[in-house]
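Here is entry_0.cif, consisting of mmCIF, C-alpha atoms and all ligand atoms:
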data_structure
#
loop_
_atom_site.label_atom_id
_atom_site.label_comp_id
_atom_site.auth_asym_id
_atom_site.auth_seq_id
_atom_site.Cartn_x
_atom_site.Cartn_y
_atom_site.Cartn_z
CA MET Q 25 0.00 0.00 0.00
CA ASN Q 26 1.03 3.61 -0.57
CA ILE Q 27 1.41 5.67 2.58
CA LEU Q 28 1.68 9.41 3.15
CA LEU Q 29 3.39 10.49 6.37
CA LEU Q 30 2.83 14.08 7.51
CA GLY Q 31 5.41 16.16 9.36
CA SER Q 32 9.04 17.22 9.19
CA GLY Q 33 10.61 16.60 12.58
CA GLY Q 34 12.85 13.99 14.17
CA ARG Q 35 9.67 12.19 15.21
CA GLU Q 36 8.65 11.83 11.57
CA HIS Q 37 12.11 10.67 10.52
CA ALA Q 38 11.92 7.92 13.17
CA LEU Q 39 8.42 6.99 11.96
CA ALA Q 40 9.52 7.03 8.31
CA TRP Q 41 12.56 4.87 9.12
CA LYS Q 42 10.34 2.31 10.83
CA LEU Q 43 7.47 2.43 8.30
CA ALA Q 44 9.98 1.92 5.47
CA GLN Q 45 10.80 -1.51 6.95
CA SER Q 46 7.20 -2.73 6.67
CA PRO Q 47 6.52 -5.59 4.24
CA LYS Q 48 3.05 -4.07 3.75
CA LEU Q 49 4.51 -0.88 2.26
CA SER Q 50 4.66 -0.26 -1.48
CA LYS Q 51 5.69 3.39 -1.50
CA LEU Q 52 6.25 5.92 1.28
CA TYR Q 53 5.71 9.63 0.72
CA CYS Q 54 6.29 12.32 3.32
CA ALA Q 55 5.02 15.91 3.36
CA PRO Q 56 6.92 18.11 3.81
CA GLY Q 57 9.72 15.90 5.24
CA ASN Q 58 13.40 16.82 5.64
CA ALA Q 59 16.79 15.73 4.28
CA GLY Q 60 16.90 12.63 6.50
CA ILE Q 61 13.40 11.51 5.63
CA ALA Q 62 14.31 11.89 1.95
CA GLN Q 63 16.66 8.90 2.40
CA VAL Q 64 13.69 6.58 3.05
CA ALA Q 65 10.67 8.33 1.49
CA GLU Q 66 9.78 10.58 -1.39
CA CYS Q 67 9.31 14.07 0.04
CA VAL Q 68 6.43 16.15 -1.24
CA ALA Q 69 6.29 19.96 -1.04
CA LEU Q 70 2.98 20.20 0.84
CA GLN Q 71 2.40 21.81 4.22
CA VAL Q 72 0.48 19.89 6.91
CA THR Q 73 -2.00 22.80 7.17
CA ASP Q 74 -2.98 22.40 3.49
CA HIS Q 75 -5.79 19.88 3.96
CA ALA Q 76 -7.19 20.33 0.44
CA GLY Q 77 -3.72 19.83 -1.08
CA ILE Q 78 -3.21 16.69 1.02
CA LEU Q 79 -6.56 15.23 -0.07
CA ASP Q 80 -5.76 15.96 -3.73
CA PHE Q 81 -2.32 14.39 -3.41
CA CYS Q 82 -3.81 11.24 -1.85
CA LYS Q 83 -6.34 10.86 -4.64
CA SER Q 84 -3.82 11.34 -7.43
CA ASN Q 85 -1.18 9.06 -5.90
CA ASP Q 86 -3.32 6.16 -4.78
CA ILE Q 87 -2.62 6.76 -1.08
CA SER Q 88 -4.74 4.50 1.08
CA TYR Q 89 -3.40 5.49 4.51
CA VAL Q 90 -2.08 8.73 5.99
CA VAL Q 91 0.04 8.77 9.16
CA ILE Q 92 -0.35 12.14 10.86
CA GLY Q 93 2.72 13.05 12.95
CA PRO Q 94 1.99 16.40 14.66
CA GLU Q 95 -1.02 17.53 16.71
CA GLY Q 96 -1.97 20.60 14.63
CA PRO Q 97 -3.68 18.77 11.74
CA LEU Q 98 -5.32 16.31 14.16
CA VAL Q 99 -6.90 19.07 16.24
CA ALA Q 100 -7.90 20.77 12.96
CA GLY Q 101 -9.83 17.65 11.89
CA LEU Q 102 -7.64 16.21 9.14
CA ALA Q 103 -8.28 12.59 10.18
CA ASP Q 104 -12.05 13.19 9.86
CA GLU Q 105 -11.66 14.82 6.43
CA LEU Q 106 -9.54 11.95 5.15
CA GLU Q 107 -11.98 9.37 6.42
CA GLN Q 108 -14.91 11.20 4.80
CA ALA Q 109 -12.96 10.96 1.54
CA GLY Q 110 -12.51 7.21 2.02
CA ILE Q 111 -8.82 7.43 2.93
CA GLY Q 112 -7.56 5.75 6.10
CA ALA Q 113 -5.79 7.86 8.69
CA PHE Q 114 -3.64 7.14 11.70
CA GLY Q 115 -4.59 9.59 14.42
CA PRO Q 116 -7.68 10.62 16.36
CA SER Q 117 -10.71 12.60 15.20
CA ALA Q 118 -11.00 16.32 15.93
CA TYR Q 119 -13.32 15.55 18.83
CA ALA Q 120 -10.94 13.03 20.38
CA SER Q 121 -7.95 15.32 19.73
CA GLN Q 122 -9.39 17.72 22.28
CA LEU Q 123 -7.52 15.56 24.78
CA GLU Q 124 -4.53 17.61 23.62
CA GLY Q 125 -6.31 20.59 22.07
CA SER Q 126 -8.21 21.67 25.19
CA LYS Q 127 -6.80 21.31 28.69
CA GLY Q 128 -10.25 22.09 30.11
CA PHE Q 129 -11.79 19.24 28.08
CA THR Q 130 -9.27 16.79 29.52
CA LYS Q 131 -9.67 18.03 33.08
CA ASP Q 132 -13.46 17.67 32.83
CA LEU Q 133 -13.06 14.13 31.48
CA CYS Q 134 -10.73 13.30 34.39
CA ALA Q 135 -13.26 14.70 36.88
CA GLU Q 136 -16.15 12.77 35.31
CA PHE Q 137 -14.29 9.44 35.20
CA ASN Q 138 -12.29 9.74 38.39
CA ILE Q 139 -8.88 9.90 36.72
CA PRO Q 140 -6.14 11.19 39.07
CA THR Q 141 -5.01 14.72 38.12
CA ALA Q 142 -4.38 18.05 39.88
CA ALA Q 143 -7.43 19.86 41.33
CA TYR Q 144 -8.54 22.60 38.91
CA LYS Q 145 -11.13 25.08 37.70
CA ARG Q 146 -11.81 26.56 34.22
CA PHE Q 147 -12.33 30.28 33.58
CA SER Q 148 -13.31 32.45 30.64
CA GLU Q 149 -12.78 35.78 32.44
CA ALA Q 150 -9.95 37.24 34.48
CA GLU Q 151 -11.78 38.50 37.60
CA PRO Q 152 -13.30 35.18 38.80
CA ALA Q 153 -9.99 33.47 37.90
CA LYS Q 154 -8.09 35.86 40.17
CA ALA Q 155 -10.66 35.43 42.94
CA PHE Q 156 -10.18 31.64 42.74
CA LEU Q 157 -6.51 32.14 43.61
CA ASP Q 158 -7.70 32.77 47.22
CA GLU Q 159 -8.54 29.07 47.38
CA MET Q 160 -5.19 27.84 45.99
CA SER Q 161 -1.83 27.52 47.67
CA LEU Q 162 1.43 28.55 45.98
CA PRO Q 163 2.98 27.68 43.65
CA VAL Q 164 -0.08 27.53 41.45
CA VAL Q 165 -0.27 26.51 37.79
CA ILE Q 166 -1.96 28.74 35.17
CA LYS Q 167 -2.61 27.19 31.75
CA ALA Q 168 -3.93 28.56 28.48
CA ASP Q 169 -6.64 26.11 27.43
CA GLY Q 170 -5.63 25.51 23.81
CA LEU Q 171 -2.57 24.53 21.77
CA ALA Q 172 0.29 26.91 22.59
CA ALA Q 173 3.32 25.01 21.25
CA GLY Q 174 4.34 23.95 24.77
CA LYS Q 175 4.45 27.55 26.02
CA GLY Q 176 1.01 27.97 27.56
CA VAL Q 177 1.87 26.79 31.10
CA ILE Q 178 3.02 29.20 33.82
CA ILE Q 179 4.07 27.95 37.23
CA ALA Q 180 3.46 31.00 39.43
CA GLU Q 181 5.48 31.19 42.64
CA THR Q 182 3.70 34.32 43.89
CA ARG Q 183 0.17 35.73 43.79
CA ASP Q 184 1.42 38.61 41.62
CA GLN Q 185 2.90 36.22 39.06
CA ALA Q 186 -0.34 34.23 39.01
CA GLU Q 187 -2.45 37.35 38.41
CA GLN Q 188 -0.02 38.52 35.74
CA ALA Q 189 -0.23 35.11 34.02
CA ILE Q 190 -4.04 35.28 34.04
CA ASP Q 191 -3.95 38.80 32.55
CA ASP Q 192 -1.40 37.72 29.92
CA CYS Q 193 -3.54 34.77 28.84
CA PHE Q 194 -6.70 36.85 28.46
CA ALA Q 195 -4.74 39.68 26.80
CA GLY Q 196 -3.81 37.28 24.00
CA SER Q 197 -0.21 36.25 24.83
CA PHE Q 198 -1.07 32.76 23.59
CA GLY Q 199 -3.51 33.85 20.90
CA LYS Q 200 -6.75 31.90 20.70
CA ALA Q 201 -5.31 29.26 23.06
CA GLY Q 202 -5.72 31.71 25.96
CA HIS Q 203 -9.43 32.50 25.51
CA GLU Q 204 -9.99 30.12 28.36
CA VAL Q 205 -7.72 29.50 31.33
CA VAL Q 206 -7.31 26.49 33.59
CA ILE Q 207 -5.98 27.07 37.11
CA GLU Q 208 -4.68 23.99 38.82
CA ALA Q 209 -2.83 22.81 41.89
CA PHE Q 210 0.93 22.29 41.67
CA LEU Q 211 1.89 18.61 41.77
CA GLU Q 212 5.17 17.50 43.29
CA GLY Q 213 7.16 14.54 42.04
CA GLU Q 214 9.21 13.27 39.11
CA GLU Q 215 7.84 13.52 35.57
CA ALA Q 216 7.68 10.62 33.13
CA SER Q 217 5.72 9.73 30.02
CA LEU Q 218 3.80 6.67 28.96
CA PHE Q 219 2.74 5.91 25.40
CA ALA Q 220 -0.25 3.73 24.51
CA LEU Q 221 -1.55 2.72 21.10
CA CYS Q 222 -5.37 2.83 21.14
CA ASP Q 223 -8.04 1.41 18.85
CA GLY Q 224 -11.10 2.99 20.46
CA GLN Q 225 -11.59 0.28 23.09
CA THR Q 226 -8.24 -1.40 23.66
CA ALA Q 227 -5.00 0.24 24.77
CA MET Q 228 -1.65 -1.41 24.06
CA LEU Q 229 1.31 -0.18 26.09
CA LEU Q 230 4.11 0.99 23.79
CA GLY Q 231 6.60 2.09 26.39
CA THR Q 232 7.77 4.73 28.81
CA ALA Q 233 10.24 7.58 28.38
CA GLN Q 234 11.70 10.65 30.00
CA ASP Q 235 12.28 13.88 28.11
CA HIS Q 236 14.59 16.82 28.97
CA LYS Q 237 12.57 19.98 28.38
CA ARG Q 238 15.02 22.66 29.54
CA VAL Q 239 17.71 23.86 27.19
CA GLY Q 240 20.61 23.69 29.64
CA ASP Q 241 22.52 21.03 31.57
CA GLY Q 242 21.08 20.29 35.01
CA ASP Q 243 17.59 21.17 33.72
CA THR Q 244 18.27 24.92 33.60
CA GLY Q 245 17.24 27.68 31.20
CA PRO Q 246 14.11 28.08 29.11
CA ASN Q 247 11.79 25.28 28.00
CA THR Q 248 12.26 23.72 24.58
CA GLY Q 249 10.44 21.11 22.51
CA GLY Q 250 12.76 18.54 24.15
CA MET Q 251 16.57 18.23 24.17
CA GLY Q 252 16.87 14.46 24.53
CA ALA Q 253 15.09 11.38 25.82
CA TYR Q 254 15.49 7.76 26.76
CA SER Q 255 13.27 4.72 26.91
CA PRO Q 256 12.33 2.87 29.00
CA ALA Q 257 12.30 5.21 32.02
CA PRO Q 258 13.51 3.21 35.04
CA VAL Q 259 11.37 5.38 37.36
CA MET Q 260 8.33 3.81 35.65
CA THR Q 261 8.41 0.54 37.55
CA GLN Q 262 6.00 -2.24 36.61
CA GLU Q 263 3.73 -1.06 39.43
CA MET Q 264 3.70 2.52 38.10
CA ILE Q 265 3.01 1.25 34.57
CA ASP Q 266 0.16 -0.98 35.74
CA ARG Q 267 -1.37 1.83 37.79
CA THR Q 268 -1.07 4.32 34.90
CA MET Q 269 -2.76 1.89 32.53
CA SER Q 270 -5.60 0.95 34.90
CA GLU Q 271 -6.16 4.32 36.64
CA ILE Q 272 -5.52 6.72 33.75
CA ILE Q 273 -5.35 5.22 30.23
CA VAL Q 274 -8.13 2.62 30.42
CA PRO Q 275 -10.69 4.96 32.08
CA THR Q 276 -9.85 7.66 29.51
CA LEU Q 277 -10.59 5.30 26.62
CA ALA Q 278 -13.75 4.06 28.31
CA GLY Q 279 -14.85 7.63 29.06
CA MET Q 280 -14.32 8.76 25.47
CA HIS Q 281 -16.11 5.66 24.19
CA SER Q 282 -19.08 6.24 26.48
CA ARG Q 283 -19.37 9.78 25.11
CA GLY Q 284 -19.63 8.22 21.66
CA TYR Q 285 -16.27 9.44 20.39
CA SER Q 286 -13.67 6.68 20.42
CA PHE Q 287 -10.02 7.53 20.71
CA LYS Q 288 -7.86 5.92 18.04
CA GLY Q 289 -4.17 6.66 17.77
CA ILE Q 290 -1.39 7.45 20.22
CA LEU Q 291 -2.27 8.50 23.73
CA TYR Q 292 0.82 10.09 25.26
CA ALA Q 293 0.32 10.65 28.97
CA GLY Q 294 2.54 13.23 30.67
CA LEU Q 295 2.63 12.04 34.28
CA MET Q 296 3.70 13.33 37.65
CA LEU Q 297 4.72 10.49 39.95
CA THR Q 298 3.44 11.88 43.24
CA GLN Q 299 3.46 10.29 46.67
CA GLU Q 300 -0.05 9.05 45.98
CA GLY Q 301 0.94 7.52 42.64
CA PRO Q 302 0.83 8.60 38.99
CA GLU Q 303 -1.28 11.67 38.19
CA LEU Q 304 -2.03 13.01 34.73
CA ILE Q 305 -0.40 16.37 33.91
CA GLU Q 306 -1.54 16.43 30.30
CA TYR Q 307 -2.36 14.31 27.30
CA ASN Q 308 -0.89 14.54 23.84
CA VAL Q 309 -2.60 12.72 20.99
CA ARG Q 310 0.52 11.85 18.99
CA PHE Q 311 4.01 10.53 19.54
CA GLY Q 312 6.42 12.74 21.48
CA ASP Q 313 9.38 14.39 19.83
CA PRO Q 314 12.10 13.31 20.76
CA GLU Q 315 10.43 10.38 22.60
CA CYS Q 316 9.44 8.71 19.31
CA GLN Q 317 13.13 8.58 18.38
CA VAL Q 318 13.77 6.26 21.35
CA LEU Q 319 10.60 4.18 21.00
CA MET Q 320 10.94 3.24 17.32
CA PRO Q 321 14.44 1.72 17.57
CA ARG Q 322 13.16 -0.58 20.35
CA LEU Q 323 10.10 -1.80 18.43
CA LYS Q 324 10.68 -5.15 16.74
CA SER Q 325 7.16 -5.58 15.32
CA ASP Q 326 5.83 -4.02 12.13
CA LEU Q 327 4.70 -0.47 12.99
CA LEU Q 328 2.41 -0.21 9.99
CA GLU Q 329 0.57 -3.40 10.91
CA LEU Q 330 0.03 -2.08 14.46
CA MET Q 331 -1.20 1.30 13.22
CA LEU Q 332 -3.64 -0.33 10.80
CA ALA Q 333 -4.92 -2.59 13.59
CA ALA Q 334 -5.50 0.47 15.79
CA SER Q 335 -7.43 2.21 13.02
CA ASP Q 336 -9.50 -0.94 12.41
CA GLY Q 337 -10.37 -1.46 16.09
CA ALA Q 338 -8.49 -4.78 16.01
CA LEU Q 339 -5.65 -4.32 18.50
CA LEU Q 340 -6.84 -7.21 20.70
CA GLU Q 341 -5.67 -9.60 17.98
CA HIS Q 342 -2.16 -8.12 17.98
CA ASP Q 343 0.91 -8.16 20.16
CA ALA Q 344 3.95 -5.96 19.88
CA GLU Q 345 7.46 -7.22 20.42
CA TRP Q 346 10.01 -4.88 21.99
CA SER Q 347 13.74 -5.02 22.48
CA ASN Q 348 14.81 -5.26 26.12
CA GLU Q 349 17.54 -2.76 25.40
CA CYS Q 350 17.51 0.94 26.29
CA ALA Q 351 17.56 3.71 23.71
CA LEU Q 352 18.82 7.24 24.30
CA THR Q 353 18.74 10.20 21.95
CA VAL Q 354 20.66 13.48 22.16
CA VAL Q 355 19.19 16.47 20.32
CA LEU Q 356 21.61 18.71 18.45
CA ALA Q 357 20.16 22.20 18.12
CA ALA Q 358 21.28 25.43 16.47
CA LYS Q 359 23.13 27.82 18.83
CA GLY Q 360 20.58 30.31 20.17
CA TYR Q 361 17.65 27.84 20.22
CA PRO Q 362 14.96 28.12 21.66
CA ASP Q 363 15.37 31.83 20.84
CA SER Q 364 16.60 33.09 17.47
CA TYR Q 365 19.32 31.19 15.63
CA GLU Q 366 21.22 31.26 12.37
CA LYS Q 367 19.93 29.17 9.47
CA ASN Q 368 21.64 27.36 6.61
CA THR Q 369 24.84 26.49 8.47
CA VAL Q 370 26.78 23.47 7.20
CA ILE Q 371 26.77 20.04 8.91
CA GLU Q 372 29.35 17.35 8.08
CA ASP Q 373 30.32 13.81 8.99
CA ILE Q 374 26.93 12.33 9.90
CA ASP Q 375 28.18 9.13 8.25
CA LYS Q 376 30.94 8.97 10.87
CA ALA Q 377 28.31 8.99 13.64
CA GLU Q 378 26.31 6.32 11.79
CA ALA Q 379 29.45 4.23 11.44
CA LYS Q 380 29.48 4.08 15.25
CA ASN Q 381 26.13 2.28 15.11
CA ALA Q 382 24.12 5.37 15.99
CA LEU Q 383 20.89 6.23 14.25
CA VAL Q 384 20.84 9.88 13.24
CA PHE Q 385 17.28 11.15 12.86
CA HIS Q 386 16.99 14.53 11.16
CA ALA Q 387 14.67 17.38 12.17
CA GLY Q 388 15.42 20.81 10.66
CA THR Q 389 17.72 19.83 7.79
CA ALA Q 390 17.76 20.38 4.03
CA LYS Q 391 20.17 19.50 1.24
CA ASP Q 392 21.81 22.06 -1.03
CA GLY Q 393 23.34 19.82 -3.67
CA ASP Q 394 25.54 17.47 -1.64
CA THR Q 395 25.80 19.84 1.32
CA LEU Q 396 23.67 19.23 4.41
CA LEU Q 397 22.29 22.43 5.95
CA ALA Q 398 20.68 23.11 9.32
CA THR Q 399 17.37 24.88 8.70
CA GLY Q 400 15.60 24.66 12.05
CA GLY Q 401 16.05 24.99 15.82
CA ARG Q 402 16.21 21.31 16.67
CA VAL Q 403 18.26 19.74 13.89
CA LEU Q 404 19.53 16.20 14.61
CA ASN Q 405 18.70 13.39 17.03
CA VAL Q 406 21.66 11.11 17.65
CA THR Q 407 20.29 7.84 18.98
CA ALA Q 408 22.04 4.79 20.43
CA ILE Q 409 20.87 1.49 21.89
CA ALA Q 410 22.56 -0.56 24.62
CA THR Q 411 21.75 -2.83 27.54
CA THR Q 412 21.80 0.06 30.03
CA VAL Q 413 20.92 3.75 29.74
CA SER Q 414 24.50 4.54 30.87
CA ASP Q 415 25.96 2.60 27.93
CA ALA Q 416 23.45 4.06 25.49
CA GLN Q 417 24.45 7.50 26.77
CA SER Q 418 28.19 6.89 26.18
CA ARG Q 419 27.53 5.53 22.70
CA ALA Q 420 25.24 8.40 21.74
CA TYR Q 421 27.75 11.07 22.89
CA ASP Q 422 30.60 9.24 21.16
CA ALA Q 423 28.61 9.47 17.93
CA VAL Q 424 27.65 13.12 18.60
CA ASN Q 425 31.36 13.95 18.86
CA SER Q 426 31.96 12.63 15.33
CA ILE Q 427 29.59 15.18 13.79
CA LYS Q 428 31.07 18.45 12.57
CA TRP Q 429 28.66 21.33 13.03
CA GLU Q 430 30.18 24.64 14.20
CA ASN Q 431 26.81 26.23 14.88
CA GLY Q 432 25.33 23.31 16.82
CA PHE Q 433 25.13 22.48 20.52
CA CYS Q 434 23.61 19.82 22.72
CA ARG Q 435 23.06 19.12 26.40
CA GLN Q 436 25.87 17.03 27.86
CA ASP Q 437 23.76 15.27 30.51
CA ILE Q 438 20.91 13.56 28.67
CA GLY Q 439 19.85 10.54 30.70
CA TRP Q 440 21.18 11.78 34.05
CA ARG Q 441 18.21 10.57 36.10
CA ALA Q 442 18.41 7.03 34.76
CA VAL Q 443 22.22 6.98 34.97
CA GLU Q 444 21.98 7.98 38.66
CA ARG Q 445 19.42 5.22 39.27
CA GLU Q 446 21.59 2.64 37.51
CA LYS Q 447 24.47 3.45 39.87
CA THR Q 448 22.48 2.38 42.94
P1 LIG Q 501 2.18 20.80 29.88
O1 LIG Q 501 2.30 21.73 28.71
O2 LIG Q 501 0.80 20.65 30.42
O3 LIG Q 501 2.97 19.54 29.67
O4 LIG Q 501 3.02 21.48 31.03
C1 LIG Q 501 4.36 21.79 30.84
C2 LIG Q 501 5.13 21.47 32.08
O5 LIG Q 501 4.62 22.23 33.17
C3 LIG Q 501 5.01 20.03 32.53
O6 LIG Q 501 5.88 19.20 31.86
C4 LIG Q 501 5.33 20.16 34.00
O7 LIG Q 501 6.73 20.26 34.18
C5 LIG Q 501 4.73 21.48 34.35
N1 LIG Q 501 3.38 21.30 34.94
C6 LIG Q 501 2.20 21.35 34.28
N2 LIG Q 501 1.18 21.16 35.13
C7 LIG Q 501 1.72 20.99 36.35
C8 LIG Q 501 1.18 20.76 37.66
N3 LIG Q 501 -0.14 20.70 37.89
N4 LIG Q 501 2.05 20.63 38.70
C9 LIG Q 501 3.39 20.74 38.49
N5 LIG Q 501 3.94 20.96 37.30
C10 LIG Q 501 3.13 21.09 36.24
N1 LIG Q 502 8.73 16.06 23.87
C1 LIG Q 502 7.50 16.67 24.23
C2 LIG Q 502 6.46 16.61 23.21
O1 LIG Q 502 6.58 15.98 22.19
O2 LIG Q 502 5.41 17.21 23.43
#

Take the structure in this file and express it as structure tokens.
Amino acid sequence: MNILLLGSGGREHALAWKLAQSPKLSKLYCAPGNAGIAQVAECVALQVTDHAGILDFCKSNDISYVVIGPEGPLVAGLADELEQAGIGAFGPSAYASQLEGSKGFTKDLCAEFNIPTAAYKRFSEAEPAKAFLDEMSLPVVIKADGLAAGKGVIIAETRDQAEQAIDDCFAGSFGKAGHEVVIEAFLEGEEASLFALCDGQTAMLLGTAQDHKRVGDGDTGPNTGGMGAYSPAPVMTQEMIDRTMSEIIVPTLAGMHSRGYSFKGILYAGLMLTQEGPELIEYNVRFGDPECQVLMPRLKSDLLELMLAASDGALLEHDAEWSNECALTVVLAAKGYPDSYEKNTVIEDIDKAEAKNALVFHAGTAKDGDTLLATGGRVLNVTAIATTVSDAQSRAYDAVNSIKWENGFCRQDIGWRAVEREKT
């Protein structure tokens, strides 16, 4: 079958790399893709926001299934539009994508189905939101309701900061995302993520991971899309996994189903492991980036077959086989990221990193003739596998050091939590 993958990040390169290995695949296209994806798929100059263009492309190229990487087109209803046109899609409907697209929607679902999450209230005006602060202790968490590219969450240490955050949201700092605000209690604990593949009724555990959101070593500096990750996350013990599945994932699927809107696709739970157990911080309705880059190398089964089974509501008849090894990925970003950075700087010697058995997934890259250029903020994901996270870390950094890119940088401590745990 002919498949169209949508997106252009490291996540999509990891998906393309894995999809390309499927015996079910005839031809893989990717829109818009990047220079790494172009090694395994034919890249098409279409943006993921161009739904009409995507539908036309599918019809004229005999595409029977579209794998949607990022959340934007899912929240905007692309999976529904494709299905109406008789084209299969991997990813949830617009209604089900509200699990990522509206924090208030998710909090209400949690309240209705008794899913552990921080206490909260939703507001559409500033004054009652500020008055509610009287009932909350500090720090308190202020969130813009909608999609804000990971920037719509403010952890306010003081009442003034909280009021300022409320004013900023309603004044349009996060655009439409801030028309509604969620105020919630601050949860203490360690963060981890769990990924489940869902077919509407059944959830299959894919794995756990930990991301590194801050730009600097020791988790300092501004938030980013993610500077590195590893899987599995040792902090997610079997007990934590079982509790997350039974207390959070399964009731979410059942709740959505009972509302008449099944969730099909990837449910990515951002968790806080509190003293009481795992609590939901947020849902995403797609793979994480860079978490996907550490999940795909560990998956032994055919990804395409699993995705199709999820879309068909047939996951119960499938099992997935995973490597017992650990994967770790280090993100190389352009100097200046997450603020402004130079574009079109030259990268060399990726083949030397690959010769060290690393997988190098591209994000913001493009080719100019034979020259590889960095075109984005996050640019490469250097990924290694080994029996421990510590070994995967050494291998990944050894490969990173083979790459020549004057304008690039990376964190030097990806994996530190797991490496500490492995020492004890
Ligand atoms: P989100 O965009 O919802 O993932 O939030 C971004 C980050 O804010 C999370 O990864 C957490 O580090 C932090 N965060 C969000 N909600 C809470 C909460 N209720 N308590 C503590 N930290 C939170
Ligand atoms: N790595 C965080 C995310 O994909 O949202």

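Using all atoms listed in the file, the contacts of Lys380 (chain Q) at a cut-off of 10 Å, with sequence neighbours closer than 4 positions omitted, comprise Asp375, Lys376, Ala408, Arg419, Ala420, Asp422, Ala423, Val424 and Ser426 of chain Q.
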
Checklist entry - Counting all atoms listed in the file, what is within 7 Å of Ser347 (chain Q), bar same-chain residues fewer than 6 positions away, as a ChimeraX atom specification? => result /Q:322-324

Next on the checklist: Using only C-alpha atoms and all ligand atoms, which residues have at least one atom no more than 6 Å from ligand LIG 501 (chain Q)? Output them as an MDAnalysis selection string.
Outcome noted: chainID Q and resid 142 165 174 177 208:211 305:306

Next on the checklist: For ligand LIG 502 (chain Q), return the neighbouring residues as a ChimeraX atom specification (distance at most 6 Å; all atoms listed in the file).
Outcome noted: /Q:235,249-250,312-314

Same residues, C-alpha atoms, output as a JSON list (two decimals), in the frame of the given file:
[["chain", "number", "residue", "atom", "x", "y", "z"],
["Q", 235, "ASP", "CA", 12.28, 13.88, 28.11],
["Q", 249, "GLY", "CA", 10.44, 21.11, 22.51],
["Q", 250, "GLY", "CA", 12.76, 18.54, 24.15],
["Q", 312, "GLY", "CA", 6.42, 12.74, 21.48],
["Q", 313, "ASP", "CA", 9.38, 14.39, 19.83],
["Q", 314, "PRO", "CA", 12.10, 13.31, 20.76]]

Checklist entry - Got a sec: who's within 10 Å of region 115-118 of chain Q, counting only C-alpha atoms, leaving out chain neighbours fewer than 5 positions off, as a PyMOL selection string? => result chain Q and resi 90-95+97-105+107+123+125+222-224+285-291+309-310+331+334-335

Checklist entry - Distance CA of His386 (chain Q)-CA of Arg435 (chain Q), one decimal place? => result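 Atom-to-atom, CA of His386 (chain Q) and CA of Arg435 (chain Q) are spaced 17.0 Å apart.
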
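Closest to Ala216 (chain Q) among Q:Glu204, Q:Glu303, Q:Asp192, Q:Asp169 is Q:Glu303, based on all atoms listed in the file.
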
Checklist entry - Which neighbours of region 44-50 of chain Q fall inside 6 Å, counting all atoms listed in the file, when residues of the same chain fewer than 2 positions from it are skipped, and could you give them as a list in words? => result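 Once the adjacent positions are removed, what remains is Met25, Asn26, Ala40, Trp41, Lys42 and Asp326 of chain Q.
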
Could you turn the residues from that selection into a file that holds C-alpha atoms, as a short mmCIF file (atom, residue, chain, number, x, y, z; two decimals), keeping the file's coordinate frame?
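Generated file (result-v5.cif):
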data_model
loop_
_atom_site.label_atom_id
_atom_site.label_comp_id
_atom_site.auth_asym_id
_atom_site.auth_seq_id
_atom_site.Cartn_x
_atom_site.Cartn_y
_atom_site.Cartn_z
CA MET Q 25 0.00 0.00 0.00
CA ASN Q 26 1.03 3.61 -0.57
CA ALA Q 40 9.52 7.03 8.31
CA TRP Q 41 12.56 4.87 9.12
CA LYS Q 42 10.34 2.31 10.83
CA ASP Q 326 5.83 -4.02 12.13
#

Next on the checklist: Under the rule that only C-alpha atoms are counted, which of Q:Ile190, Q:Ile178, Q:Leu171, Q:Ala398 is the nearest residue to Ser148 (chain Q)?
Outcome noted: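 Checking each candidate against Ser148 (chain Q), we get Q:Ile190 as the closest.
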
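Of the residues under consideration (Q:Glu181, Q:Met251, Q:Ala173, Q:Asp394), Q:Glu181 shows the shortest atom-to-atom contact distance to Met160 (chain Q) when counting only C-alpha atoms.
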
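Proximity of Q:Glu36, Q:Glu446, Q:Glu349, Q:Glu124 to Ile61 (chain Q), computed with all atoms listed in the file, is greatest for Q:Glu36.
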
Checklist entry - Between CA of Lys391 (chain Q) and CA of Ala55 (chain Q), what is the spacing in Å? => result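 Rounded to one decimal, the two atoms are 15.7 Å apart.
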
Checklist entry - Near Thr395 (chain Q), within 9 Å and counting all atoms listed in the file, which residues show up once chain neighbours fewer than 4 positions away are dropped, as a list in words? => result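 That gives Val370, Ile371, Glu372, Ala390 and Lys391 of chain Q.
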
Item to check | Atom pair CA of Asn425 (chain Q) / CA of Glu378 (chain Q): separation (Å) | outcome: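 Between these atoms lies a distance of 11.6 Å.
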
Checklist entry - Between Q:Ser121, Q:Thr182, Q:Thr407, Q:Glu159, which is the closest to Tyr292 (chain Q) once you count all atoms listed in the file? => result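 Of Q:Ser121, Q:Thr182, Q:Thr407, Q:Glu159, the one nearest Tyr292 (chain Q), counting all atoms listed in the file, is Q:Ser121.
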
Item to check | Pick from Q:Gly242, Q:Met280, Q:Val384, Q:Gly360 nearest to Gln436 (chain Q), counting all atoms listed in the file | outcome: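 Checking each candidate against Gln436 (chain Q), we get Q:Gly242 as the closest.
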